[in-house]
file my_file.csv (CSV, C-alpha atoms)
chain,number,residue,atom,x,y,z
A,1,MET,CA,-127.9,44.0,-241.1
A,2,PRO,CA,-124.2,43.0,-241.2
A,3,SER,CA,-123.4,39.4,-240.5
A,4,ASN,CA,-121.2,38.3,-237.7
A,5,GLU,CA,-118.4,37.6,-240.1
A,6,GLU,CA,-118.6,41.1,-241.5
A,7,ARG,CA,-118.5,42.6,-238.0
A,8,ARG,CA,-115.4,40.5,-237.2
A,9,GLN,CA,-113.6,41.6,-240.4
A,10,ALA,CA,-114.4,45.3,-239.6
A,11,ALA,CA,-112.9,44.9,-236.1
A,12,ARG,CA,-109.8,43.3,-237.5
A,13,GLU,CA,-109.3,46.2,-239.9
A,14,LYS,CA,-109.8,48.7,-237.2
A,15,LEU,CA,-107.2,47.0,-235.0
A,16,ALA,CA,-104.7,46.9,-237.9
A,17,LYS,CA,-105.1,50.6,-238.4
A,18,GLN,CA,-104.6,51.3,-234.7
A,19,ASN,CA,-101.3,49.2,-234.8
A,20,GLU,CA,-100.1,51.1,-237.9
A,21,ARG,CA,-100.7,54.5,-236.1
A,22,ARG,CA,-98.8,53.3,-233.0
A,23,GLU,CA,-95.9,52.1,-235.0
A,24,ALA,CA,-95.8,55.4,-236.9
A,25,ASP,CA,-95.9,57.4,-233.6
A,26,ALA,CA,-93.0,55.2,-232.2
A,27,ARG,CA,-90.9,55.8,-235.3
A,28,LYS,CA,-91.5,59.6,-235.0
A,29,ARG,CA,-90.4,59.5,-231.3
A,30,LYS,CA,-87.3,57.6,-232.2
A,31,ILE,CA,-86.3,60.0,-234.9
A,32,LYS,CA,-86.9,62.9,-232.6
A,33,ALA,CA,-84.8,61.4,-229.8
A,34,GLY,CA,-81.9,60.7,-232.2
A,35,ALA,CA,-82.0,64.3,-233.4
A,36,ILE,CA,-81.9,65.6,-229.8
A,37,ALA,CA,-79.0,63.3,-229.0
A,38,GLY,CA,-77.1,64.4,-232.1
A,39,VAL,CA,-77.5,68.0,-231.0
A,40,VAL,CA,-76.2,67.3,-227.5
A,41,VAL,CA,-73.1,65.5,-228.9
A,42,VAL,CA,-72.3,68.3,-231.3
A,43,ALA,CA,-72.7,70.8,-228.4
A,44,LEU,CA,-70.3,68.8,-226.2
A,45,VAL,CA,-67.7,68.5,-229.0
A,46,ALA,CA,-68.0,72.2,-229.6
A,47,ALA,CA,-67.5,72.9,-225.9
A,48,GLY,CA,-64.5,70.7,-225.9
A,49,CYS,CA,-63.0,72.5,-228.8
A,50,TYR,CA,-63.8,75.8,-227.1
A,51,ILE,CA,-61.8,74.7,-224.0
A,52,TRP,CA,-59.0,72.5,-225.3
A,53,LEU,CA,-58.3,72.9,-229.0
A,54,PRO,CA,-55.4,75.3,-229.8
A,55,GLN,CA,-57.7,77.4,-232.0
A,56,GLY,CA,-60.4,77.6,-229.3
A,57,PRO,CA,-61.2,81.1,-228.0
A,58,ARG,CA,-60.0,80.2,-224.5
A,59,ALA,CA,-56.6,78.7,-225.6
A,60,PRO,CA,-54.7,81.9,-225.0
A,61,LEU,CA,-55.9,82.0,-221.4
A,62,ARG,CA,-54.7,78.4,-220.9
A,63,VAL,CA,-51.3,79.1,-222.5
A,64,ALA,CA,-50.8,82.2,-220.5
A,65,ALA,CA,-51.5,80.3,-217.3
A,66,GLU,CA,-49.1,77.6,-218.3
A,67,ASN,CA,-46.4,80.1,-219.2
A,68,LYS,CA,-46.9,82.0,-215.9
A,69,PHE,CA,-46.6,78.7,-213.9
A,70,LYS,CA,-43.4,77.8,-215.8
A,71,SER,CA,-41.9,81.3,-215.2
A,72,GLU,CA,-42.5,80.8,-211.4
A,73,HIS,CA,-40.9,77.4,-211.2
A,74,VAL,CA,-37.6,75.7,-212.1
A,75,SER,CA,-36.4,72.1,-212.4
A,76,CYS,CA,-33.4,71.1,-210.3
A,77,ASP,CA,-31.0,68.2,-211.0
A,78,PHE,CA,-30.3,66.7,-207.6
A,79,GLN,CA,-27.5,64.2,-208.1
A,80,ASP,CA,-27.3,61.0,-206.1
A,81,ARG,CA,-24.2,60.5,-204.0
A,82,ASP,CA,-23.0,58.4,-201.0
A,83,PRO,CA,-20.7,60.5,-198.8
A,84,VAL,CA,-19.8,57.5,-196.7
A,85,ALA,CA,-18.7,55.3,-199.7
A,86,ASP,CA,-17.0,58.3,-201.2
A,87,THR,CA,-14.9,58.9,-198.1
A,88,HIS,CA,-13.7,55.3,-197.9
A,89,LYS,CA,-13.0,55.3,-201.6
A,90,ASN,CA,-11.1,58.6,-201.6
A,91,LEU,CA,-8.7,57.9,-198.7
A,92,PRO,CA,-6.3,55.6,-200.6
A,93,ALA,CA,-6.1,58.1,-203.4
A,94,GLN,CA,-5.4,60.9,-201.0
A,95,LYS,CA,-2.6,58.9,-199.4
A,96,GLN,CA,-1.1,58.3,-202.8
A,97,GLN,CA,-1.2,62.0,-203.4
A,98,ILE,CA,0.7,62.7,-200.2
A,99,ALA,CA,3.3,60.1,-201.2
A,100,ALA,CA,3.7,61.8,-204.6
A,101,ARG,CA,4.0,65.2,-203.0
A,102,ARG,CA,6.8,63.9,-200.7
A,103,THR,CA,8.6,62.7,-203.8
A,104,GLN,CA,8.3,66.1,-205.4
A,105,VAL,CA,9.8,67.7,-202.3
A,106,THR,CA,12.7,65.3,-202.3
A,107,ASP,CA,13.4,66.0,-206.0
A,108,ALA,CA,13.1,69.7,-205.5
A,109,GLN,CA,15.6,69.6,-202.6
A,110,LYS,CA,18.1,67.8,-204.8
A,111,GLN,CA,17.8,70.6,-207.3
A,112,LEU,CA,18.7,73.2,-204.7
A,113,ALA,CA,22.3,72.1,-204.9
A,114,THR,CA,22.6,73.4,-208.4
A,115,MET,CA,21.1,76.8,-207.4
A,116,THR,CA,22.8,79.9,-206.0
A,117,GLY,CA,21.9,83.2,-204.5
A,118,ASP,CA,18.3,84.5,-204.8
A,119,GLN,CA,17.3,81.5,-206.9
A,120,LYS,CA,18.2,79.1,-204.1
A,121,THR,CA,16.4,81.3,-201.5
A,122,ALA,CA,13.2,81.4,-203.6
A,123,GLY,CA,13.4,77.6,-204.1
A,124,GLU,CA,13.8,77.0,-200.4
A,125,ALA,CA,10.8,79.2,-199.6
A,126,GLN,CA,8.7,77.4,-202.2
A,127,ILE,CA,9.7,74.0,-200.9
A,128,LYS,CA,8.9,75.0,-197.3
A,129,ALA,CA,5.4,76.3,-198.2
A,130,PHE,CA,4.7,73.1,-200.3
A,131,SER,CA,5.9,70.9,-197.4
A,132,GLU,CA,3.8,72.7,-194.9
A,133,GLN,CA,0.7,72.3,-197.1
A,134,THR,CA,1.5,68.6,-197.6
A,135,ASP,CA,1.8,68.2,-193.8
A,136,LYS,CA,-1.6,69.9,-193.3
A,137,LEU,CA,-3.2,67.6,-195.9
A,138,GLU,CA,-1.7,64.6,-194.2
A,139,ARG,CA,-3.1,65.6,-190.8
A,140,GLN,CA,-6.5,66.2,-192.4
A,141,ILE,CA,-6.4,62.6,-193.8
A,142,ALA,CA,-5.5,61.3,-190.3
A,143,ARG,CA,-8.5,63.1,-188.8
A,144,THR,CA,-10.8,61.7,-191.4
A,145,GLU,CA,-9.5,58.1,-190.7
A,146,LYS,CA,-10.1,58.6,-187.0
A,147,ALA,CA,-13.6,59.9,-187.6
A,148,LEU,CA,-14.7,57.0,-189.9
A,149,PRO,CA,-17.0,55.5,-187.2
A,150,ALA,CA,-18.9,58.8,-187.0
A,151,ILE,CA,-19.0,59.0,-190.8
A,152,ASP,CA,-20.3,55.5,-191.1
A,153,LYS,CA,-23.3,56.4,-189.0
A,154,LEU,CA,-24.4,58.7,-191.7
A,155,THR,CA,-25.6,55.8,-193.7
A,156,ALA,CA,-28.5,55.1,-191.3
A,157,ARG,CA,-29.3,58.8,-190.9
A,158,ASN,CA,-29.4,59.5,-194.6
A,159,LYS,CA,-32.0,56.7,-195.1
A,160,THR,CA,-34.5,58.8,-193.1
A,161,VAL,CA,-34.6,61.7,-195.6
A,162,SER,CA,-35.7,61.4,-199.3
A,163,LYS,CA,-34.2,63.4,-202.1
A,164,PRO,CA,-36.4,66.2,-203.5
A,165,SER,CA,-38.1,65.4,-206.8
A,166,GLY,CA,-36.6,68.5,-208.4
A,167,THR,CA,-39.8,69.3,-210.5
A,168,ASP,CA,-41.8,72.4,-210.2
A,169,VAL,CA,-39.6,74.1,-207.6
A,170,PRO,CA,-40.7,77.6,-206.8
A,171,ASN,CA,-38.3,80.4,-207.7
A,172,SER,CA,-39.8,83.1,-205.6
A,173,GLY,CA,-40.9,83.6,-202.1
A,174,THR,CA,-39.2,83.3,-198.7
A,175,LEU,CA,-39.2,80.9,-195.8
A,176,THR,CA,-38.5,82.1,-192.3
A,177,GLY,CA,-37.4,80.0,-189.3
A,178,THR,CA,-35.2,79.6,-186.3
A,179,LEU,CA,-31.8,77.8,-185.9
A,180,THR,CA,-31.6,77.1,-182.2
A,181,THR,CA,-28.1,76.5,-180.8
A,182,ASN,CA,-26.7,75.7,-177.4
A,183,SER,CA,-25.7,79.4,-177.3
A,184,GLY,CA,-29.1,80.8,-178.3
A,185,PRO,CA,-31.4,81.2,-181.3
A,186,ILE,CA,-30.6,82.5,-184.7
A,187,GLY,CA,-33.5,83.7,-186.8
A,188,PHE,CA,-33.2,83.3,-190.6
A,189,GLU,CA,-34.9,83.9,-193.9
A,190,LEU,CA,-34.4,81.7,-196.9
A,191,ASP,CA,-34.9,83.4,-200.3
A,192,ARG,CA,-36.0,81.1,-203.2
A,193,SER,CA,-35.3,83.8,-205.8
A,194,LYS,CA,-31.5,83.7,-205.1
A,195,ALA,CA,-31.0,79.9,-205.2
A,196,PRO,CA,-34.3,78.0,-205.6
A,197,CYS,CA,-32.7,74.5,-205.9
A,198,ASN,CA,-30.5,74.9,-202.8
A,199,VAL,CA,-33.3,76.5,-200.8
A,200,GLU,CA,-35.4,73.4,-201.8
A,201,THR,CA,-32.6,71.2,-200.4
A,202,PHE,CA,-32.6,73.0,-197.1
A,203,ALA,CA,-36.4,73.1,-196.8
A,204,THR,CA,-36.4,69.3,-197.3
A,205,LEU,CA,-33.6,68.7,-194.8
A,206,ILE,CA,-35.2,71.0,-192.2
A,207,ALA,CA,-38.5,69.2,-192.5
A,208,ALA,CA,-36.7,65.9,-192.0
A,209,LYS,CA,-35.0,67.4,-188.8
A,210,TYR,CA,-31.6,66.5,-190.5
A,211,PHE,CA,-29.8,69.4,-188.7
A,212,ASP,CA,-31.2,68.7,-185.2
A,213,ASN,CA,-28.5,67.8,-182.6
A,214,THR,CA,-25.6,68.3,-185.0
A,215,PRO,CA,-22.3,70.2,-184.3
A,216,CYS,CA,-20.9,73.2,-186.2
A,217,VAL,CA,-17.6,71.8,-187.4
A,218,ARG,CA,-15.6,74.8,-188.4
A,219,GLU,CA,-14.9,78.4,-187.6
A,220,THR,CA,-12.7,80.8,-189.6
A,221,GLY,CA,-11.4,84.2,-189.0
A,222,GLY,CA,-8.9,86.5,-190.7
A,223,SER,CA,-5.6,87.3,-189.0
A,224,PRO,CA,-5.4,90.5,-187.0
A,225,THR,CA,-3.6,92.3,-189.7
A,226,ALA,CA,-5.7,91.1,-192.6
A,227,THR,CA,-7.9,93.5,-194.6
A,228,SER,CA,-10.1,90.7,-195.9
A,229,GLY,CA,-10.7,87.1,-195.3
A,230,LEU,CA,-13.2,84.4,-194.5
A,231,TYR,CA,-15.3,85.0,-191.3
A,232,VAL,CA,-17.8,82.1,-191.0
A,233,LEU,CA,-19.2,79.5,-188.7
A,234,GLN,CA,-19.7,76.3,-190.8
A,235,CYS,CA,-22.4,73.8,-189.8
A,236,GLY,CA,-24.7,71.2,-191.4
A,237,ASP,CA,-22.6,68.0,-191.2
A,238,PRO,CA,-24.2,65.5,-188.8
A,239,SER,CA,-20.9,63.5,-188.7
A,240,GLY,CA,-19.1,66.5,-187.4
A,241,THR,CA,-16.2,65.8,-189.7
A,242,GLY,CA,-16.6,68.2,-192.6
A,243,VAL,CA,-17.1,65.5,-195.2
A,244,GLY,CA,-20.6,64.4,-194.5
A,245,GLY,CA,-24.0,65.3,-195.9
A,246,PRO,CA,-27.2,63.7,-197.3
A,247,GLY,CA,-27.5,61.2,-200.2
A,248,TRP,CA,-27.6,63.8,-202.9
A,249,THR,CA,-26.0,67.1,-204.0
A,250,SER,CA,-27.6,70.4,-205.3
A,251,PRO,CA,-26.7,72.1,-208.5
A,252,ASP,CA,-24.5,75.1,-208.5
A,253,GLU,CA,-26.3,78.5,-208.3
A,254,ASN,CA,-23.5,81.0,-208.3
A,255,PRO,CA,-24.5,84.5,-207.1
A,256,SER,CA,-24.1,87.2,-209.7
A,257,PHE,CA,-25.6,89.9,-207.4
A,258,LEU,CA,-22.8,90.2,-204.9
A,259,LYS,CA,-20.4,93.2,-204.9
A,260,VAL,CA,-17.2,92.4,-206.8
A,261,ALA,CA,-14.0,92.5,-204.7
A,262,SER,CA,-11.6,91.6,-207.5
A,263,PRO,CA,-12.6,90.9,-211.2
A,264,ALA,CA,-12.1,87.6,-212.9
A,265,ASN,CA,-8.9,87.1,-214.8
A,266,PRO,CA,-9.6,85.6,-218.3
A,267,MET,CA,-5.9,84.9,-218.7
A,268,THR,CA,-5.8,82.5,-215.8
A,269,GLY,CA,-9.4,81.4,-215.9
A,270,GLY,CA,-9.9,82.7,-212.3
A,271,THR,CA,-13.4,83.6,-211.3
A,272,GLY,CA,-12.3,86.7,-209.2
A,273,THR,CA,-13.8,87.3,-205.8
A,274,SER,CA,-16.9,88.8,-204.3
A,275,ILE,CA,-18.0,90.1,-200.9
A,276,TYR,CA,-20.4,87.9,-199.0
A,277,PRO,CA,-21.9,90.4,-196.5
A,278,ALA,CA,-22.2,89.8,-192.8
A,279,GLY,CA,-25.4,87.9,-192.1
A,280,THR,CA,-25.3,85.9,-195.3
A,281,ILE,CA,-26.2,82.2,-195.3
A,282,ALA,CA,-24.3,80.4,-198.1
A,283,VAL,CA,-23.9,76.8,-199.1
A,284,ALA,CA,-20.5,75.2,-198.7
A,285,ASN,CA,-19.2,72.9,-201.4
A,286,ALA,CA,-16.2,70.9,-202.5
A,287,ASN,CA,-16.0,72.2,-206.0
A,288,GLN,CA,-12.6,72.3,-207.7
A,289,GLN,CA,-11.6,74.3,-210.8
A,290,ALA,CA,-10.3,72.5,-213.8
A,291,ASP,CA,-6.5,72.2,-214.0
A,292,PRO,CA,-5.2,72.2,-217.6
A,293,GLN,CA,-1.7,71.3,-216.5
A,294,SER,CA,-2.8,68.1,-214.7
A,295,GLY,CA,-5.6,67.4,-217.1
A,296,SER,CA,-8.2,67.5,-214.2
A,297,ALA,CA,-11.7,68.3,-215.5
A,298,GLY,CA,-12.6,69.9,-212.2
A,299,VAL,CA,-15.6,69.1,-209.9
A,300,SER,CA,-18.8,71.0,-209.7
A,301,ASN,CA,-22.4,70.7,-208.2
A,302,THR,CA,-21.2,69.4,-204.9
A,303,GLY,CA,-23.3,71.6,-202.5
A,304,ALA,CA,-25.5,69.7,-200.1
A,305,SER,CA,-26.3,70.3,-196.4
A,306,GLN,CA,-23.2,72.2,-195.2
A,307,PHE,CA,-23.6,75.9,-194.9
A,308,PHE,CA,-21.7,79.1,-193.9
A,309,LEU,CA,-23.0,81.6,-191.4
A,310,VAL,CA,-21.1,84.8,-192.3
A,311,TYR,CA,-20.5,87.0,-189.2
A,312,LYS,CA,-18.3,89.6,-191.0
A,313,ASP,CA,-18.0,90.6,-194.6
A,314,SER,CA,-16.0,87.9,-196.3
A,315,THR,CA,-14.1,87.7,-199.6
A,316,LEU,CA,-14.6,84.5,-201.6
A,317,PRO,CA,-14.9,83.4,-205.2
A,318,PRO,CA,-18.6,83.8,-206.2
A,319,ASN,CA,-19.0,80.0,-206.2
A,320,TYR,CA,-21.2,79.5,-203.2
A,321,ALA,CA,-24.9,79.7,-203.5
A,322,VAL,CA,-26.5,82.3,-201.2
A,323,ILE,CA,-29.7,80.9,-199.8
A,324,GLY,CA,-30.7,83.6,-197.3
A,325,LYS,CA,-29.7,85.7,-194.3
A,326,MET,CA,-29.8,85.9,-190.5
A,327,ASP,CA,-31.8,88.4,-188.6
A,328,ASP,CA,-30.0,91.1,-186.6
A,329,ALA,CA,-30.3,89.3,-183.3
A,330,GLY,CA,-28.9,86.1,-184.8
A,331,LEU,CA,-25.9,88.0,-186.3
A,332,THR,CA,-25.2,89.5,-182.9
A,333,LEU,CA,-25.2,86.1,-181.3
A,334,LEU,CA,-22.9,84.7,-184.1
A,335,LYS,CA,-20.4,87.6,-183.5
A,336,GLN,CA,-20.4,86.7,-179.8
A,337,ILE,CA,-19.6,83.0,-180.6
A,338,ALA,CA,-16.8,84.1,-182.9
A,339,ALA,CA,-15.4,86.5,-180.3
A,340,LYS,CA,-14.7,83.4,-178.0
A,341,GLY,CA,-12.0,82.3,-180.4
A,342,ILE,CA,-11.0,79.4,-182.6
A,343,ALA,CA,-9.3,76.2,-181.4
A,344,PRO,CA,-6.9,74.3,-183.7
A,345,ASN,CA,-8.1,71.1,-185.2
A,346,ASP,CA,-6.6,67.9,-183.8
A,347,GLY,CA,-3.0,67.6,-184.8
A,348,GLU,CA,-2.6,71.2,-185.9
A,349,PRO,CA,-0.1,73.6,-184.2
A,350,ALA,CA,-1.3,75.6,-181.3
A,351,ALA,CA,-1.9,79.3,-181.6
A,352,THR,CA,0.9,81.8,-181.0
A,353,PRO,CA,0.8,85.6,-180.9
A,354,ALA,CA,2.7,85.6,-184.3
A,355,ALA,CA,0.5,82.8,-185.8
A,356,PRO,CA,-3.1,82.9,-184.4
A,357,VAL,CA,-5.5,80.1,-185.4
A,358,THR,CA,-7.6,81.4,-188.2
A,359,ASP,CA,-9.2,78.1,-189.3
A,360,GLY,CA,-10.3,75.4,-186.8
A,361,LYS,CA,-13.1,74.5,-184.4
A,362,PRO,CA,-15.1,77.0,-182.3
A,363,LYS,CA,-13.2,77.3,-179.1
A,364,GLU,CA,-16.6,76.9,-177.3
A,365,PRO,CA,-18.4,74.1,-179.1
A,366,VAL,CA,-21.5,75.1,-180.9
A,367,THR,CA,-24.4,72.6,-181.5
A,368,ILE,CA,-27.6,73.0,-183.4
A,369,THR,CA,-30.3,71.7,-181.1
A,370,SER,CA,-33.0,72.3,-183.7
A,371,MET,CA,-33.7,74.0,-187.0
A,372,ALA,CA,-37.3,74.7,-188.0
A,373,LEU,CA,-39.3,76.7,-190.4
A,374,ALA,CA,-42.2,78.9,-189.2
A,375,SER,CA,-45.6,77.3,-189.6

call {"tool": "encode", "arguments": {"input": "my_file.csv", "output": "structure tokens"}}
result
Amino acid sequence: MPSNEERRQAAREKLAKQNERREADARKRKIKAGAIAGVVVVALVAAGCYIWLPQGPRAPLRVAAENKFKSEHVSCDFQDRDPVADTHKNLPAQKQQIAARRTQVTDAQKQLATMTGDQKTAGEAQIKAFSEQTDKLERQIARTEKALPAIDKLTARNKTVSKPSGTDVPNSGTLTGTLTTNSGPIGFELDRSKAPCNVETFATLIAAKYFDNTPCVRETGGSPTATSGLYVLQCGDPSGTGVGGPGWTSPDENPSFLKVASPANPMTGGTGTSIYPAGTIAVANANQQADPQSGSAGVSNTGASQFFLVYKDSTLPPNYAVIGKMDDAGLTLLKQIAAKGIAPNDGEPAATPAAPVTDGKPKEPVTITSMALAS
């Protein structure tokens, strides 16, 4: 019969073997778990490659989607500006220009004494036309100076509307809405495909109620004997002066789809003219062509909030972005407004049967009470 010591030794050996089996089982479980984790990591990496790596099977789908998005959007460079500061800055230079023109007239009149016959007659006609144009510019400067308090108010108004980001701007689709005036409503449709950046400007300004309770500052009409001309109501300047607008400008988006009235002249650098059909809504701008003789580089990309409502086919250089059109009822209303006539701007000569006013203010004031897009 085994002694007590032998029984204790046997128990210790049995316990040691049990511990060895447990440790072996634990090692097996650990190895198995590591193998499973490795498989999961490999699977996840493979899935990532499948989705994101250029050589992954789904890469063409992603690239196609990105290309489609890019084709449906554009980037717009909206340039900062301060119309109030610009107006104050430009006035002294404009006055200097008037003084220089007066000197030119005086010098030209002195040269008339050396001319005879047809040459003198032609010189006198040129001096008269130049003087009349100079007088008109001087009156315009005087009106701007008088309107400085109204222009200065733009600073506060412009702080209420932020410039569009200019990224991912849609280049297709339409926006409909109503421009309500004190004379009645004008329905409109803005077309992003024709001028996406300028439509983005107007969508931003409309959302900010920038046009609400603002006057239409200008009306134009051709003379009774003219076969073509500019027939528009111009609105969009809260200051009511014709020099105002928001704190940025839109890039030029010149329309190439309009019917040509006269072709461009490569010899003179002229752009030719196109026909802006009745019902068109186009963006006004203060662009100027380069003048090689004076060395002027020209001015571009100056469109902002001011716009033309065309009530009769008009002939213009194709330099004004077309953002949309009015509905038939709105065009009818616009024609009724135009039929009431044009009043001369302050300081301009009154109309006569021989010289009707073709560029001035609406004889019956027109105010935009609200401008809103359809929800």

call {"tool": "closest_residue", "arguments": {"input": "my_file.csv", "among": "A:Cys76, A:Ala351, A:Leu334, A:Val105", "to": "Thr181 of chain A", "atoms": "only C-alpha atoms"}}
result
A:Leu334

call {"tool": "atom_distance", "arguments": {"input": "my_file.csv", "atom1": "atom CA of Asn319 of chain A", "atom2": "atom CA of Leu230 of chain A"}}
result
13.8 Å

call {"tool": "closest_residue", "arguments": {"input": "my_file.csv", "among": "A:Asp359, A:Asp152, A:Glu189, A:Asp252", "to": "Pro238 of chain A", "atoms": "all atoms listed in the file"}}
result
A:Asp152

call {"tool": "residues_around", "arguments": {"input": "my_file.csv", "residues": "Leu91 of chain A", "least_positions_apart": "2", "cutoff": "12 Å", "atoms": "only C-alpha atoms", "output": "JSON, numbers by chain"}}
result
{"A": [84, 85, 86, 87, 88, 89, 93, 94, 95, 96, 97, 98, 137, 138, 140, 141, 142, 143, 144, 145, 146, 148, 243]}

call {"tool": "closest_residue", "arguments": {"input": "my_file.csv", "among": "A:Val169, A:Ala284, A:Val161, A:Ile275", "to": "Gly247 of chain A", "atoms": "all atoms listed in the file"}}
result
A:Val161

call {"tool": "residues_around", "arguments": {"input": "my_file.csv", "residues": "Ala372 of chain A", "least_positions_apart": "3", "cutoff": "6 Å", "atoms": "all atoms listed in the file", "output": "PDB file with C-alpha atoms, in the frame of the given file"}}
result
ATOM      1  CA  GLY A 177     -37.400  80.000-189.300  1.00  0.00           C
ATOM      2  CA  THR A 178     -35.200  79.600-186.300  1.00  0.00           C
ATOM      3  CA  ILE A 206     -35.200  71.000-192.200  1.00  0.00           C
TER       4      ILE A 206
END

call {"tool": "closest_residue", "arguments": {"input": "my_file.csv", "among": "A:Ser228, A:Ser172, A:Lys361, A:Asp118", "to": "Phe69 of chain A", "atoms": "all atoms listed in the file"}}
result
A:Ser172

call {"tool": "atom_distance", "arguments": {"input": "my_file.csv", "atom1": "atom CA of Ser250 of chain A", "atom2": "atom CA of Pro317 of chain A"}}
result
18.2 Å

call {"tool": "residues_around", "arguments": {"input": "my_file.csv", "residues": "segment 194-201 of chain A", "least_positions_apart": "2", "cutoff": "8 Å", "atoms": "only C-alpha atoms", "output": "count of residues only"}}
result
27

call {"tool": "closest_residue", "arguments": {"input": "my_file.csv", "among": "A:Ala355, A:Leu233, A:Val260, A:Ala282", "to": "Leu331 of chain A", "atoms": "all atoms listed in the file"}}
result
A:Leu233

call {"tool": "atom_distance", "arguments": {"input": "my_file.csv", "atom1": "atom CA of Ala65 of chain A", "atom2": "atom CA of Phe78 of chain A"}}
result
27.0 Å

call {"tool": "residues_around", "arguments": {"input": "my_file.csv", "residues": "segment 127-133 of chain A", "least_positions_apart": "5", "cutoff": "10 Å", "atoms": "only C-alpha atoms", "output": "list in words"}}
result
Arg101, Arg102, Gln104, Val105, Thr106, Ala108, Gln109, Leu112, Thr121, Ala122, Glu138 and Arg139 of chain A

call {"tool": "closest_residue", "arguments": {"input": "my_file.csv", "among": "A:Ser239, A:Thr220, A:Gln119, A:Thr273", "to": "Thr155 of chain A", "atoms": "all atoms listed in the file"}}
result
A:Ser239
